[in-house]
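Here is coords.cif, consisting of mmCIF, C-alpha atoms:
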```cif
data_input
loop_
_atom_site.group_PDB
_atom_site.id
_atom_site.type_symbol
_atom_site.label_atom_id
_atom_site.label_comp_id
_atom_site.auth_asym_id
_atom_site.auth_seq_id
_atom_site.Cartn_x
_atom_site.Cartn_y
_atom_site.Cartn_z
ATOM 1 C CA MET A 1 -17.597 -30.024 20.798
ATOM 2 C CA GLY A 2 -14.203 -28.757 21.842
ATOM 3 C CA LYS A 3 -11.518 -30.857 23.438
ATOM 4 C CA LEU A 4 -10.380 -31.057 27.024
ATOM 5 C CA TYR A 5 -6.634 -31.631 27.163
ATOM 6 C CA VAL A 6 -5.051 -33.044 30.312
ATOM 7 C CA VAL A 7 -1.592 -31.519 30.151
ATOM 8 C CA PRO A 8 1.431 -32.607 32.204
ATOM 9 C CA THR A 9 3.634 -29.860 33.614
ATOM 10 C CA PRO A 10 7.122 -30.037 35.180
ATOM 11 C CA VAL A 11 7.566 -31.247 38.750
ATOM 12 C CA GLY A 12 10.878 -29.472 39.198
ATOM 13 C CA ASN A 13 12.983 -28.711 36.137
ATOM 14 C CA LEU A 14 11.079 -26.301 33.862
ATOM 15 C CA GLU A 15 12.548 -28.061 30.822
ATOM 16 C CA ASP A 16 10.653 -31.234 31.710
ATOM 17 C CA ILE A 17 7.753 -30.250 29.495
ATOM 18 C CA THR A 18 6.924 -31.676 26.090
ATOM 19 C CA LEU A 19 6.690 -29.828 22.827
ATOM 20 C CA ARG A 20 3.053 -30.935 22.555
ATOM 21 C CA ALA A 21 2.224 -29.626 26.032
ATOM 22 C CA LEU A 22 3.615 -26.211 25.120
ATOM 23 C CA LYS A 23 1.709 -26.250 21.832
ATOM 24 C CA VAL A 24 -1.596 -27.127 23.510
ATOM 25 C CA LEU A 25 -1.142 -24.527 26.252
ATOM 26 C CA LYS A 26 -0.360 -21.888 23.652
ATOM 27 C CA GLU A 27 -3.152 -22.706 21.225
ATOM 28 C CA CYS A 28 -6.055 -23.608 23.490
ATOM 29 C CA ASP A 29 -8.786 -21.133 24.392
ATOM 30 C CA LEU A 30 -8.559 -21.517 28.155
ATOM 31 C CA ILE A 31 -6.268 -23.080 30.738
ATOM 32 C CA LEU A 32 -7.795 -24.474 33.916
ATOM 33 C CA ALA A 33 -5.115 -24.175 36.574
ATOM 34 C CA GLU A 34 -4.955 -25.512 40.103
ATOM 35 C CA ASP A 35 -3.197 -22.321 41.159
ATOM 36 C CA THR A 36 -3.050 -19.533 38.587
ATOM 37 C CA ARG A 37 -0.070 -17.936 40.332
ATOM 38 C CA THR A 38 2.013 -21.118 40.227
ATOM 39 C CA SER A 39 1.077 -21.897 36.630
ATOM 40 C CA GLY A 40 1.515 -18.246 35.728
ATOM 41 C CA PHE A 41 5.204 -18.629 36.452
ATOM 42 C CA LEU A 42 5.456 -21.538 34.013
ATOM 43 C CA LEU A 43 3.437 -19.836 31.296
ATOM 44 C CA LYS A 44 5.383 -16.605 31.617
ATOM 45 C CA HIS A 45 8.636 -18.561 31.320
ATOM 46 C CA TYR A 46 7.470 -19.888 27.954
ATOM 47 C CA GLY A 47 5.825 -16.688 26.770
ATOM 48 C CA ILE A 48 2.333 -18.190 26.794
ATOM 49 C CA ASP A 49 -0.456 -15.697 27.397
ATOM 50 C CA THR A 50 -3.512 -17.955 27.158
ATOM 51 C CA HIS A 51 -6.209 -16.971 29.613
ATOM 52 C CA MET A 52 -6.209 -18.964 32.837
ATOM 53 C CA GLN A 53 -9.052 -19.822 35.146
ATOM 54 C CA SER A 54 -8.816 -21.269 38.613
ATOM 55 C CA HIS A 55 -10.000 -24.881 38.852
ATOM 56 C CA HIS A 56 -9.279 -26.802 42.044
ATOM 57 C CA LYS A 57 -10.924 -28.981 44.654
ATOM 58 C CA PHE A 58 -12.612 -26.050 46.335
ATOM 59 C CA ASN A 59 -14.409 -24.784 43.233
ATOM 60 C CA GLU A 60 -14.390 -27.705 40.781
ATOM 61 C CA HIS A 61 -18.066 -28.567 41.174
ATOM 62 C CA HIS A 62 -19.103 -25.046 40.362
ATOM 63 C CA SER A 63 -16.369 -24.570 37.754
ATOM 64 C CA ALA A 64 -17.042 -27.838 35.888
ATOM 65 C CA ALA A 65 -20.510 -26.801 34.693
ATOM 66 C CA HIS A 66 -19.072 -23.635 33.224
ATOM 67 C CA VAL A 67 -16.232 -25.575 31.570
ATOM 68 C CA VAL A 68 -18.646 -28.044 29.981
ATOM 69 C CA GLU A 69 -20.656 -25.165 28.528
ATOM 70 C CA ARG A 70 -17.527 -23.705 26.976
ATOM 71 C CA LEU A 71 -16.509 -27.099 25.549
ATOM 72 C CA LYS A 72 -19.952 -27.400 23.989
ATOM 73 C CA THR A 73 -19.371 -24.156 22.138
ATOM 74 C CA GLY A 74 -16.307 -25.732 20.511
ATOM 75 C CA GLU A 75 -13.609 -24.205 22.666
ATOM 76 C CA ASN A 76 -10.507 -26.251 23.463
ATOM 77 C CA ILE A 77 -9.524 -26.249 27.115
ATOM 78 C CA ALA A 78 -6.369 -27.438 28.870
ATOM 79 C CA LEU A 79 -6.345 -28.725 32.437
ATOM 80 C CA ILE A 80 -3.130 -28.448 34.426
ATOM 81 C CA SER A 81 -2.183 -28.861 38.057
ATOM 82 C CA ASP A 82 0.666 -27.212 39.928
ATOM 83 C CA ALA A 83 2.990 -30.035 38.868
ATOM 84 C CA GLY A 84 2.731 -33.390 37.129
ATOM 85 C CA THR A 85 -0.198 -34.844 35.206
ATOM 86 C CA PRO A 86 -3.621 -34.030 36.682
ATOM 87 C CA GLY A 87 -5.205 -37.165 38.081
ATOM 88 C CA ILE A 88 -2.412 -39.486 36.896
ATOM 89 C CA SER A 89 1.029 -38.594 38.223
ATOM 90 C CA ASP A 90 -0.025 -35.581 40.206
ATOM 91 C CA PRO A 91 1.927 -34.932 43.397
ATOM 92 C CA GLY A 92 -0.887 -32.677 44.538
ATOM 93 C CA PHE A 93 -4.575 -33.387 44.630
ATOM 94 C CA PHE A 94 -6.808 -34.468 41.768
ATOM 95 C CA CYS A 95 -8.786 -31.787 40.004
ATOM 96 C CA LEU A 96 -9.932 -33.959 37.127
ATOM 97 C CA TYR A 97 -12.769 -35.655 38.901
ATOM 98 C CA GLY A 98 -15.142 -32.738 38.889
ATOM 99 C CA LEU A 99 -15.047 -32.867 35.111
ATOM 100 C CA ALA A 100 -15.016 -36.657 34.760
ATOM 101 C CA TYR A 101 -18.173 -36.964 36.852
ATOM 102 C CA ARG A 102 -19.977 -34.940 34.241
ATOM 103 C CA LYS A 103 -19.086 -37.505 31.575
ATOM 104 C CA ILE A 104 -17.643 -35.113 29.084
ATOM 105 C CA MET B 1 32.846 -39.626 36.050
ATOM 106 C CA GLY B 2 30.347 -38.837 33.305
ATOM 107 C CA LYS B 3 26.610 -39.140 33.675
ATOM 108 C CA LEU B 4 24.258 -41.773 32.358
ATOM 109 C CA TYR B 5 20.948 -40.176 31.408
ATOM 110 C CA VAL B 6 17.827 -42.328 31.101
ATOM 111 C CA VAL B 7 15.853 -40.402 28.505
ATOM 112 C CA PRO B 8 12.155 -40.886 27.693
ATOM 113 C CA THR B 9 11.176 -40.829 24.035
ATOM 114 C CA PRO B 10 7.715 -40.560 22.401
ATOM 115 C CA VAL B 11 5.460 -43.604 22.241
ATOM 116 C CA GLY B 12 3.465 -42.269 19.293
ATOM 117 C CA ASN B 13 3.337 -38.528 18.721
ATOM 118 C CA LEU B 14 6.839 -37.205 18.018
ATOM 119 C CA GLU B 15 5.982 -34.002 19.883
ATOM 120 C CA ASP B 16 5.659 -35.967 23.126
ATOM 121 C CA ILE B 17 9.262 -35.300 24.032
ATOM 122 C CA THR B 18 10.548 -32.843 26.598
ATOM 123 C CA LEU B 19 12.851 -29.918 26.037
ATOM 124 C CA ARG B 20 15.321 -31.500 28.449
ATOM 125 C CA ALA B 21 15.276 -34.825 26.604
ATOM 126 C CA LEU B 22 16.129 -33.050 23.356
ATOM 127 C CA LYS B 23 18.884 -31.073 25.079
ATOM 128 C CA VAL B 24 20.464 -34.178 26.615
ATOM 129 C CA LEU B 25 20.293 -36.142 23.351
ATOM 130 C CA LYS B 26 21.884 -33.250 21.503
ATOM 131 C CA GLU B 27 24.653 -32.514 24.006
ATOM 132 C CA CYS B 28 25.690 -35.967 25.228
ATOM 133 C CA ASP B 29 28.678 -37.821 23.829
ATOM 134 C CA LEU B 30 26.889 -41.040 22.973
ATOM 135 C CA ILE B 31 23.348 -42.376 22.709
ATOM 136 C CA LEU B 32 22.697 -46.000 23.566
ATOM 137 C CA ALA B 33 19.704 -47.041 21.496
ATOM 138 C CA GLU B 34 17.620 -50.180 21.576
ATOM 139 C CA ASP B 35 17.316 -49.975 17.794
ATOM 140 C CA THR B 36 19.485 -47.404 16.047
ATOM 141 C CA ARG B 37 17.210 -47.382 12.993
ATOM 142 C CA THR B 38 14.090 -46.603 15.037
ATOM 143 C CA SER B 39 15.840 -43.953 17.135
ATOM 144 C CA GLY B 40 17.549 -42.624 14.029
ATOM 145 C CA PHE B 41 14.164 -41.551 12.742
ATOM 146 C CA LEU B 42 13.505 -39.565 15.926
ATOM 147 C CA LEU B 43 16.960 -37.981 16.000
ATOM 148 C CA LYS B 44 16.807 -37.044 12.345
ATOM 149 C CA HIS B 45 13.403 -35.428 12.904
ATOM 150 C CA TYR B 46 14.984 -33.139 15.501
ATOM 151 C CA GLY B 47 18.262 -32.596 13.671
ATOM 152 C CA ILE B 48 20.324 -34.400 16.304
ATOM 153 C CA ASP B 49 23.488 -36.027 15.002
ATOM 154 C CA THR B 50 24.933 -37.461 18.223
ATOM 155 C CA HIS B 51 26.620 -40.804 17.651
ATOM 156 C CA MET B 52 24.447 -43.813 18.446
ATOM 157 C CA GLN B 53 25.431 -47.267 19.607
ATOM 158 C CA SER B 54 23.230 -50.322 19.765
ATOM 159 C CA HIS B 55 22.387 -51.411 23.306
ATOM 160 C CA HIS B 56 19.700 -54.048 23.780
ATOM 161 C CA LYS B 57 18.981 -57.296 25.553
ATOM 162 C CA PHE B 58 21.074 -59.304 23.129
ATOM 163 C CA ASN B 59 24.265 -57.319 23.604
ATOM 164 C CA GLU B 60 23.802 -55.428 26.883
ATOM 165 C CA HIS B 61 26.166 -57.582 28.934
ATOM 166 C CA HIS B 62 28.955 -57.032 26.471
ATOM 167 C CA SER B 63 28.003 -53.413 25.786
ATOM 168 C CA ALA B 64 27.724 -52.403 29.455
ATOM 169 C CA ALA B 65 31.423 -52.903 30.201
ATOM 170 C CA HIS B 66 32.329 -50.626 27.314
ATOM 171 C CA VAL B 67 29.788 -48.034 28.429
ATOM 172 C CA VAL B 68 31.139 -47.996 31.987
ATOM 173 C CA GLU B 69 34.634 -47.413 30.673
ATOM 174 C CA ARG B 70 33.434 -44.442 28.648
ATOM 175 C CA LEU B 71 31.557 -43.020 31.662
ATOM 176 C CA LYS B 72 34.753 -43.310 33.692
ATOM 177 C CA THR B 73 36.522 -41.110 31.173
ATOM 178 C CA GLY B 74 33.952 -38.376 31.857
ATOM 179 C CA GLU B 75 31.708 -38.860 28.861
ATOM 180 C CA ASN B 76 27.981 -38.275 29.238
ATOM 181 C CA ILE B 77 25.822 -41.013 27.792
ATOM 182 C CA ALA B 78 22.065 -41.174 27.123
ATOM 183 C CA LEU B 79 20.096 -44.397 27.190
ATOM 184 C CA ILE B 80 16.912 -44.604 25.135
ATOM 185 C CA SER B 81 14.601 -47.385 24.066
ATOM 186 C CA ASP B 82 12.408 -47.531 20.979
ATOM 187 C CA ALA B 83 9.610 -45.769 22.887
ATOM 188 C CA GLY B 84 8.877 -44.657 26.438
ATOM 189 C CA THR B 85 11.254 -44.498 29.388
ATOM 190 C CA PRO B 86 13.813 -47.326 29.534
ATOM 191 C CA GLY B 87 13.073 -49.576 32.483
ATOM 192 C CA ILE B 88 10.198 -47.457 33.797
ATOM 193 C CA SER B 89 7.387 -46.919 31.313
ATOM 194 C CA ASP B 90 8.884 -48.879 28.473
ATOM 195 C CA PRO B 91 6.422 -50.704 26.218
ATOM 196 C CA GLY B 92 9.304 -52.824 24.955
ATOM 197 C CA PHE B 93 11.868 -54.681 26.947
ATOM 198 C CA PHE B 94 14.209 -53.355 29.611
ATOM 199 C CA CYS B 95 17.718 -52.503 28.512
ATOM 200 C CA LEU B 96 18.695 -50.720 31.719
ATOM 201 C CA TYR B 97 19.500 -53.792 33.743
ATOM 202 C CA GLY B 98 22.793 -54.613 32.072
ATOM 203 C CA LEU B 99 24.039 -51.270 33.312
ATOM 204 C CA ALA B 100 22.355 -51.322 36.706
ATOM 205 C CA TYR B 101 23.923 -54.660 37.536
ATOM 206 C CA ARG B 102 27.317 -53.064 37.252
ATOM 207 C CA LYS B 103 26.408 -50.524 39.930
ATOM 208 C CA ILE B 104 27.335 -47.412 38.027
#
```

Please express what this file holds, its structure, as structure tokens.
Amino acid sequence: MGKLYVVPTPVGNLEDITLRALKVLKECDLILAEDTRTSGFLLKHYGIDTHMQSHHKFNEHHSAAHVVERLKTGENIALISDAGTPGISDPGFFCLYGLAYRKI
Amino acid sequence: MGKLYVVPTPVGNLEDITLRALKVLKECDLILAEDTRTSGFLLKHYGIDTHMQSHHKFNEHHSAAHVVERLKTGENIALISDAGTPGISDPGFFCLYGLAYRKI
């Protein structure tokens, strides 16, 4: 079973990101992003080319099943929102629930 | 007038520190540390040799006056606790109040 990482991203200053967050985003197999365009800006800034997939409130129920299947194959997946920590200190909406409901 | 930076430090994993925190700790003129031995371990890990000064609940009232004087001369000072964000998500005690009371 792979790991699902909930990764905090900056809310304003791009330097407000931890070394561990950058490491996880760089080394994981897939990044679930609330908005791939917004997160693309962050990833490009740090030279991270990990594949992204859209995961937000409008597709999370469909997306979650697919994510769980990938985790079961041993892949490590990072979940990020546009800013902040998904589901914890997230100034936007929560996109963690679709996954949490599936008890991964 | 210099700036007083309240800087979050890791609560467990040393990589849980932001790029901006490292930059501030490296570039400021003085670091106020709850425990200079504990913070010394963190600073050494990241090759930061900024001067530290003890600032904690047992000396904060005395220390604060000195800190304010240094800020008035234009020095930039960082405040850290043993772990977490001083006065916000600090698992230890607060050491921010001695400074806040002086309305800097």

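Proximity to chain B was assessed for A:Val24, A:Ala64, A:Ala78, A:Leu43 counting only C-alpha atoms; the smallest distance is recorded for A:Val24.
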
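In this structure, CA of Arg37 (chain B) sits 19.9 Å away from CA of Val67 (chain B).
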
Which residues, written as a ChimeraX atom specification, have at least one atom at most 9 Å from region 85-92 of chain A, with all atoms listed in the file counted and residues fewer than 4 positions away on the same chain left out? /A:6-11,79-81,96-97

Could you list, as a PyMOL selection string, every residue matched by the PyMOL selection byres ((chain B) within 9 of (chain A)) in this structure? chain B and resi 13-21

Counting all atoms listed in the file, what is within 12 Å of Gly47 (chain B), bar same-chain residues fewer than 3 positions away, as a CSV table (one decimal) with C-alpha atoms, keeping the file's coordinate frame?
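Saved as part05.csv:
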```
chain,number,residue,atom,x,y,z
B,22,LEU,CA,16.1,-33.0,23.4
B,23,LYS,CA,18.9,-31.1,25.1
B,25,LEU,CA,20.3,-36.1,23.4
B,26,LYS,CA,21.9,-33.2,21.5
B,40,GLY,CA,17.5,-42.6,14.0
B,41,PHE,CA,14.2,-41.6,12.7
B,42,LEU,CA,13.5,-39.6,15.9
B,43,LEU,CA,17.0,-38.0,16.0
B,44,LYS,CA,16.8,-37.0,12.3
B,50,THR,CA,24.9,-37.5,18.2
```

Please, can I see chain A fitted onto chain B by all in-order Cα atoms (least squares), as an mmCIF file with C-alpha atoms, in the frame of the given file?
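The resulting selection.cif:
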```
data_model
loop_
_atom_site.group_PDB
_atom_site.id
_atom_site.type_symbol
_atom_site.label_atom_id
_atom_site.label_comp_id
_atom_site.auth_asym_id
_atom_site.auth_seq_id
_atom_site.Cartn_x
_atom_site.Cartn_y
_atom_site.Cartn_z
ATOM 1 C CA MET A 1 32.843 -39.643 36.035
ATOM 2 C CA GLY A 2 30.347 -38.839 33.327
ATOM 3 C CA LYS A 3 26.613 -39.162 33.674
ATOM 4 C CA LEU A 4 24.254 -41.787 32.355
ATOM 5 C CA TYR A 5 20.950 -40.192 31.394
ATOM 6 C CA VAL A 6 17.829 -42.334 31.098
ATOM 7 C CA VAL A 7 15.860 -40.420 28.496
ATOM 8 C CA PRO A 8 12.163 -40.891 27.693
ATOM 9 C CA THR A 9 11.175 -40.835 24.031
ATOM 10 C CA PRO A 10 7.723 -40.577 22.397
ATOM 11 C CA VAL A 11 5.445 -43.607 22.231
ATOM 12 C CA GLY A 12 3.480 -42.273 19.285
ATOM 13 C CA ASN A 13 3.326 -38.526 18.726
ATOM 14 C CA LEU A 14 6.842 -37.210 18.011
ATOM 15 C CA GLU A 15 5.994 -34.012 19.896
ATOM 16 C CA ASP A 16 5.664 -35.977 23.133
ATOM 17 C CA ILE A 17 9.276 -35.314 24.029
ATOM 18 C CA THR A 18 10.552 -32.852 26.602
ATOM 19 C CA LEU A 19 12.849 -29.932 26.038
ATOM 20 C CA ARG A 20 15.321 -31.513 28.470
ATOM 21 C CA ALA A 21 15.282 -34.833 26.608
ATOM 22 C CA LEU A 22 16.136 -33.063 23.357
ATOM 23 C CA LYS A 23 18.880 -31.084 25.089
ATOM 24 C CA VAL A 24 20.458 -34.197 26.616
ATOM 25 C CA LEU A 25 20.287 -36.148 23.353
ATOM 26 C CA LYS A 26 21.898 -33.257 21.513
ATOM 27 C CA GLU A 27 24.652 -32.523 24.010
ATOM 28 C CA CYS A 28 25.676 -35.963 25.232
ATOM 29 C CA ASP A 29 28.677 -37.816 23.833
ATOM 30 C CA LEU A 30 26.888 -41.043 22.968
ATOM 31 C CA ILE A 31 23.348 -42.369 22.702
ATOM 32 C CA LEU A 32 22.698 -46.004 23.562
ATOM 33 C CA ALA A 33 19.701 -47.041 21.495
ATOM 34 C CA GLU A 34 17.603 -50.182 21.560
ATOM 35 C CA ASP A 35 17.314 -49.984 17.783
ATOM 36 C CA THR A 36 19.490 -47.405 16.046
ATOM 37 C CA ARG A 37 17.213 -47.380 12.998
ATOM 38 C CA THR A 38 14.092 -46.596 15.026
ATOM 39 C CA SER A 39 15.831 -43.957 17.130
ATOM 40 C CA GLY A 40 17.551 -42.624 14.032
ATOM 41 C CA PHE A 41 14.162 -41.552 12.752
ATOM 42 C CA LEU A 42 13.510 -39.561 15.928
ATOM 43 C CA LEU A 43 16.951 -37.977 16.008
ATOM 44 C CA LYS A 44 16.809 -37.043 12.343
ATOM 45 C CA HIS A 45 13.409 -35.425 12.909
ATOM 46 C CA TYR A 46 14.985 -33.147 15.512
ATOM 47 C CA GLY A 47 18.256 -32.593 13.683
ATOM 48 C CA ILE A 48 20.314 -34.401 16.319
ATOM 49 C CA ASP A 49 23.483 -36.018 15.015
ATOM 50 C CA THR A 50 24.936 -37.459 18.225
ATOM 51 C CA HIS A 51 26.616 -40.795 17.660
ATOM 52 C CA MET A 52 24.452 -43.804 18.451
ATOM 53 C CA GLN A 53 25.432 -47.249 19.599
ATOM 54 C CA SER A 54 23.246 -50.310 19.750
ATOM 55 C CA HIS A 55 22.389 -51.410 23.294
ATOM 56 C CA HIS A 56 19.697 -54.044 23.758
ATOM 57 C CA LYS A 57 18.985 -57.309 25.519
ATOM 58 C CA PHE A 58 21.077 -59.311 23.093
ATOM 59 C CA ASN A 59 24.281 -57.324 23.585
ATOM 60 C CA GLU A 60 23.814 -55.433 26.865
ATOM 61 C CA HIS A 61 26.181 -57.593 28.900
ATOM 62 C CA HIS A 62 28.979 -57.048 26.448
ATOM 63 C CA SER A 63 28.018 -53.427 25.766
ATOM 64 C CA ALA A 64 27.715 -52.409 29.438
ATOM 65 C CA ALA A 65 31.417 -52.904 30.200
ATOM 66 C CA HIS A 66 32.327 -50.647 27.315
ATOM 67 C CA VAL A 67 29.778 -48.033 28.427
ATOM 68 C CA VAL A 68 31.133 -48.007 31.978
ATOM 69 C CA GLU A 69 34.644 -47.418 30.649
ATOM 70 C CA ARG A 70 33.434 -44.446 28.641
ATOM 71 C CA LEU A 71 31.560 -43.025 31.651
ATOM 72 C CA LYS A 72 34.748 -43.312 33.685
ATOM 73 C CA THR A 73 36.521 -41.117 31.170
ATOM 74 C CA GLY A 74 33.956 -38.388 31.869
ATOM 75 C CA GLU A 75 31.715 -38.863 28.868
ATOM 76 C CA ASN A 76 27.978 -38.284 29.247
ATOM 77 C CA ILE A 77 25.812 -41.021 27.789
ATOM 78 C CA ALA A 78 22.075 -41.179 27.113
ATOM 79 C CA LEU A 79 20.095 -44.412 27.175
ATOM 80 C CA ILE A 80 16.915 -44.612 25.122
ATOM 81 C CA SER A 81 14.590 -47.386 24.048
ATOM 82 C CA ASP A 82 12.395 -47.529 20.967
ATOM 83 C CA ALA A 83 9.613 -45.761 22.872
ATOM 84 C CA GLY A 84 8.892 -44.667 26.426
ATOM 85 C CA THR A 85 11.263 -44.497 29.382
ATOM 86 C CA PRO A 86 13.811 -47.333 29.532
ATOM 87 C CA GLY A 87 13.058 -49.596 32.466
ATOM 88 C CA ILE A 88 10.188 -47.450 33.790
ATOM 89 C CA SER A 89 7.370 -46.907 31.309
ATOM 90 C CA ASP A 90 8.881 -48.867 28.481
ATOM 91 C CA PRO A 91 6.426 -50.682 26.226
ATOM 92 C CA GLY A 92 9.298 -52.805 24.980
ATOM 93 C CA PHE A 93 11.861 -54.693 26.976
ATOM 94 C CA PHE A 94 14.211 -53.338 29.619
ATOM 95 C CA CYS A 95 17.721 -52.480 28.544
ATOM 96 C CA LEU A 96 18.696 -50.698 31.735
ATOM 97 C CA TYR A 97 19.478 -53.749 33.773
ATOM 98 C CA GLY A 98 22.749 -54.591 32.121
ATOM 99 C CA LEU A 99 24.045 -51.246 33.318
ATOM 100 C CA ALA A 100 22.361 -51.271 36.731
ATOM 101 C CA TYR A 101 23.934 -54.625 37.579
ATOM 102 C CA ARG A 102 27.316 -53.002 37.264
ATOM 103 C CA LYS A 103 26.405 -50.479 39.964
ATOM 104 C CA ILE A 104 27.332 -47.395 38.058
#
```

Could you pull the residues within 9 Å of His55 (chain B), counting all atoms listed in the file, minus those fewer than 2 positions along the same chain, as number ranges by chain? B: 32-36, 53, 57-60, 63-64, 79-81, 95

re CA of Asp49 (chain A) and CA of Asn76 (chain A): distance 15.1 Å

Nearest to Tyr5 (chain A) by atom-to-atom distance, counting all atoms listed in the file, from A:Val68, A:Ala83, A:Met52, A:Ile31: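 The shortest atom-to-atom distance to Tyr5 (chain A) comes from A:Ile31.
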
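Of the listed residues (B:Lys3, B:Lys72, B:His51, B:His61), B:His51 comes nearest to Ser39 (chain B); the distances count all atoms listed in the file.
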
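Here CA of Gly12 (chain B) and CA of His45 (chain A) stand 27.1 Å from one another.
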
Please complete region 15-22 of chain B so it has all heavy atoms, and hand it over as a PDB file, in the frame of the given file.
```pdb
ATOM      1  N   GLU B  15       5.895 -35.221  19.065  1.00  0.00           N
ATOM      2  CA  GLU B  15       5.982 -34.002  19.883  1.00  0.00           C
ATOM      3  C   GLU B  15       5.894 -34.299  21.382  1.00  0.00           C
ATOM      4  O   GLU B  15       6.020 -33.389  22.201  1.00  0.00           O
ATOM      5  CB  GLU B  15       4.885 -33.019  19.480  1.00  0.00           C
ATOM      6  CG  GLU B  15       5.117 -32.402  18.102  1.00  0.00           C
ATOM      7  CD  GLU B  15       4.142 -31.286  17.805  1.00  0.00           C
ATOM      8  OE1 GLU B  15       3.010 -31.345  18.313  1.00  0.00           O
ATOM      9  OE2 GLU B  15       4.513 -30.365  17.069  1.00  0.00           O
ATOM     10  N   ASP B  16       5.691 -35.575  21.715  1.00  0.00           N
ATOM     11  CA  ASP B  16       5.659 -35.967  23.126  1.00  0.00           C
ATOM     12  C   ASP B  16       7.072 -36.215  23.632  1.00  0.00           C
ATOM     13  O   ASP B  16       7.417 -37.316  24.087  1.00  0.00           O
ATOM     14  CB  ASP B  16       4.786 -37.213  23.326  1.00  0.00           C
ATOM     15  CG  ASP B  16       3.313 -36.905  23.184  1.00  0.00           C
ATOM     16  OD1 ASP B  16       2.918 -35.749  23.405  1.00  0.00           O
ATOM     17  OD2 ASP B  16       2.551 -37.827  22.836  1.00  0.00           O
ATOM     18  N   ILE B  17       7.888 -35.211  23.531  1.00  0.00           N
ATOM     19  CA  ILE B  17       9.262 -35.300  24.032  1.00  0.00           C
ATOM     20  C   ILE B  17       9.577 -33.982  24.718  1.00  0.00           C
ATOM     21  O   ILE B  17       9.134 -32.917  24.274  1.00  0.00           O
ATOM     22  CB  ILE B  17      10.265 -35.609  22.889  1.00  0.00           C
ATOM     23  CG1 ILE B  17      11.654 -35.938  23.467  1.00  0.00           C
ATOM     24  CG2 ILE B  17      10.326 -34.481  21.867  1.00  0.00           C
ATOM     25  CD1 ILE B  17      12.578 -36.606  22.479  1.00  0.00           C
ATOM     26  N   THR B  18      10.302 -34.063  25.828  1.00  0.00           N
ATOM     27  CA  THR B  18      10.548 -32.843  26.598  1.00  0.00           C
ATOM     28  C   THR B  18      11.730 -32.043  26.053  1.00  0.00           C
ATOM     29  O   THR B  18      12.609 -32.582  25.367  1.00  0.00           O
ATOM     30  CB  THR B  18      10.828 -33.159  28.082  1.00  0.00           C
ATOM     31  OG1 THR B  18      12.077 -33.834  28.192  1.00  0.00           O
ATOM     32  CG2 THR B  18       9.722 -34.005  28.693  1.00  0.00           C
ATOM     33  N   LEU B  19      11.741 -30.784  26.427  1.00  0.00           N
ATOM     34  CA  LEU B  19      12.851 -29.918  26.037  1.00  0.00           C
ATOM     35  C   LEU B  19      14.161 -30.462  26.609  1.00  0.00           C
ATOM     36  O   LEU B  19      15.198 -30.428  25.967  1.00  0.00           O
ATOM     37  CB  LEU B  19      12.607 -28.495  26.553  1.00  0.00           C
ATOM     38  CG  LEU B  19      11.345 -27.796  26.046  1.00  0.00           C
ATOM     39  CD1 LEU B  19      11.287 -26.373  26.605  1.00  0.00           C
ATOM     40  CD2 LEU B  19      11.322 -27.748  24.531  1.00  0.00           C
ATOM     41  N   ARG B  20      14.096 -30.986  27.824  1.00  0.00           N
ATOM     42  CA  ARG B  20      15.321 -31.500  28.449  1.00  0.00           C
ATOM     43  C   ARG B  20      15.823 -32.755  27.750  1.00  0.00           C
ATOM     44  O   ARG B  20      17.024 -32.948  27.587  1.00  0.00           O
ATOM     45  CB  ARG B  20      15.115 -31.767  29.944  1.00  0.00           C
ATOM     46  CG  ARG B  20      16.406 -32.196  30.634  1.00  0.00           C
ATOM     47  CD  ARG B  20      16.505 -31.788  32.060  1.00  0.00           C
ATOM     48  NE  ARG B  20      15.558 -32.464  32.919  1.00  0.00           N
ATOM     49  CZ  ARG B  20      15.897 -33.005  34.084  1.00  0.00           C
ATOM     50  NH1 ARG B  20      17.136 -32.944  34.514  1.00  0.00           N
ATOM     51  NH2 ARG B  20      14.988 -33.567  34.835  1.00  0.00           N
ATOM     52  N   ALA B  21      14.875 -33.618  27.327  1.00  0.00           N
ATOM     53  CA  ALA B  21      15.276 -34.825  26.604  1.00  0.00           C
ATOM     54  C   ALA B  21      16.020 -34.442  25.329  1.00  0.00           C
ATOM     55  O   ALA B  21      17.078 -35.001  25.020  1.00  0.00           O
ATOM     56  CB  ALA B  21      14.049 -35.674  26.273  1.00  0.00           C
ATOM     57  N   LEU B  22      15.484 -33.481  24.594  1.00  0.00           N
ATOM     58  CA  LEU B  22      16.129 -33.050  23.356  1.00  0.00           C
ATOM     59  C   LEU B  22      17.516 -32.465  23.638  1.00  0.00           C
ATOM     60  O   LEU B  22      18.472 -32.717  22.908  1.00  0.00           O
ATOM     61  CB  LEU B  22      15.255 -32.015  22.637  1.00  0.00           C
ATOM     62  CG  LEU B  22      13.949 -32.563  22.043  1.00  0.00           C
ATOM     63  CD1 LEU B  22      13.085 -31.419  21.514  1.00  0.00           C
ATOM     64  CD2 LEU B  22      14.239 -33.558  20.927  1.00  0.00           C
TER      65      LEU B  22
END
```
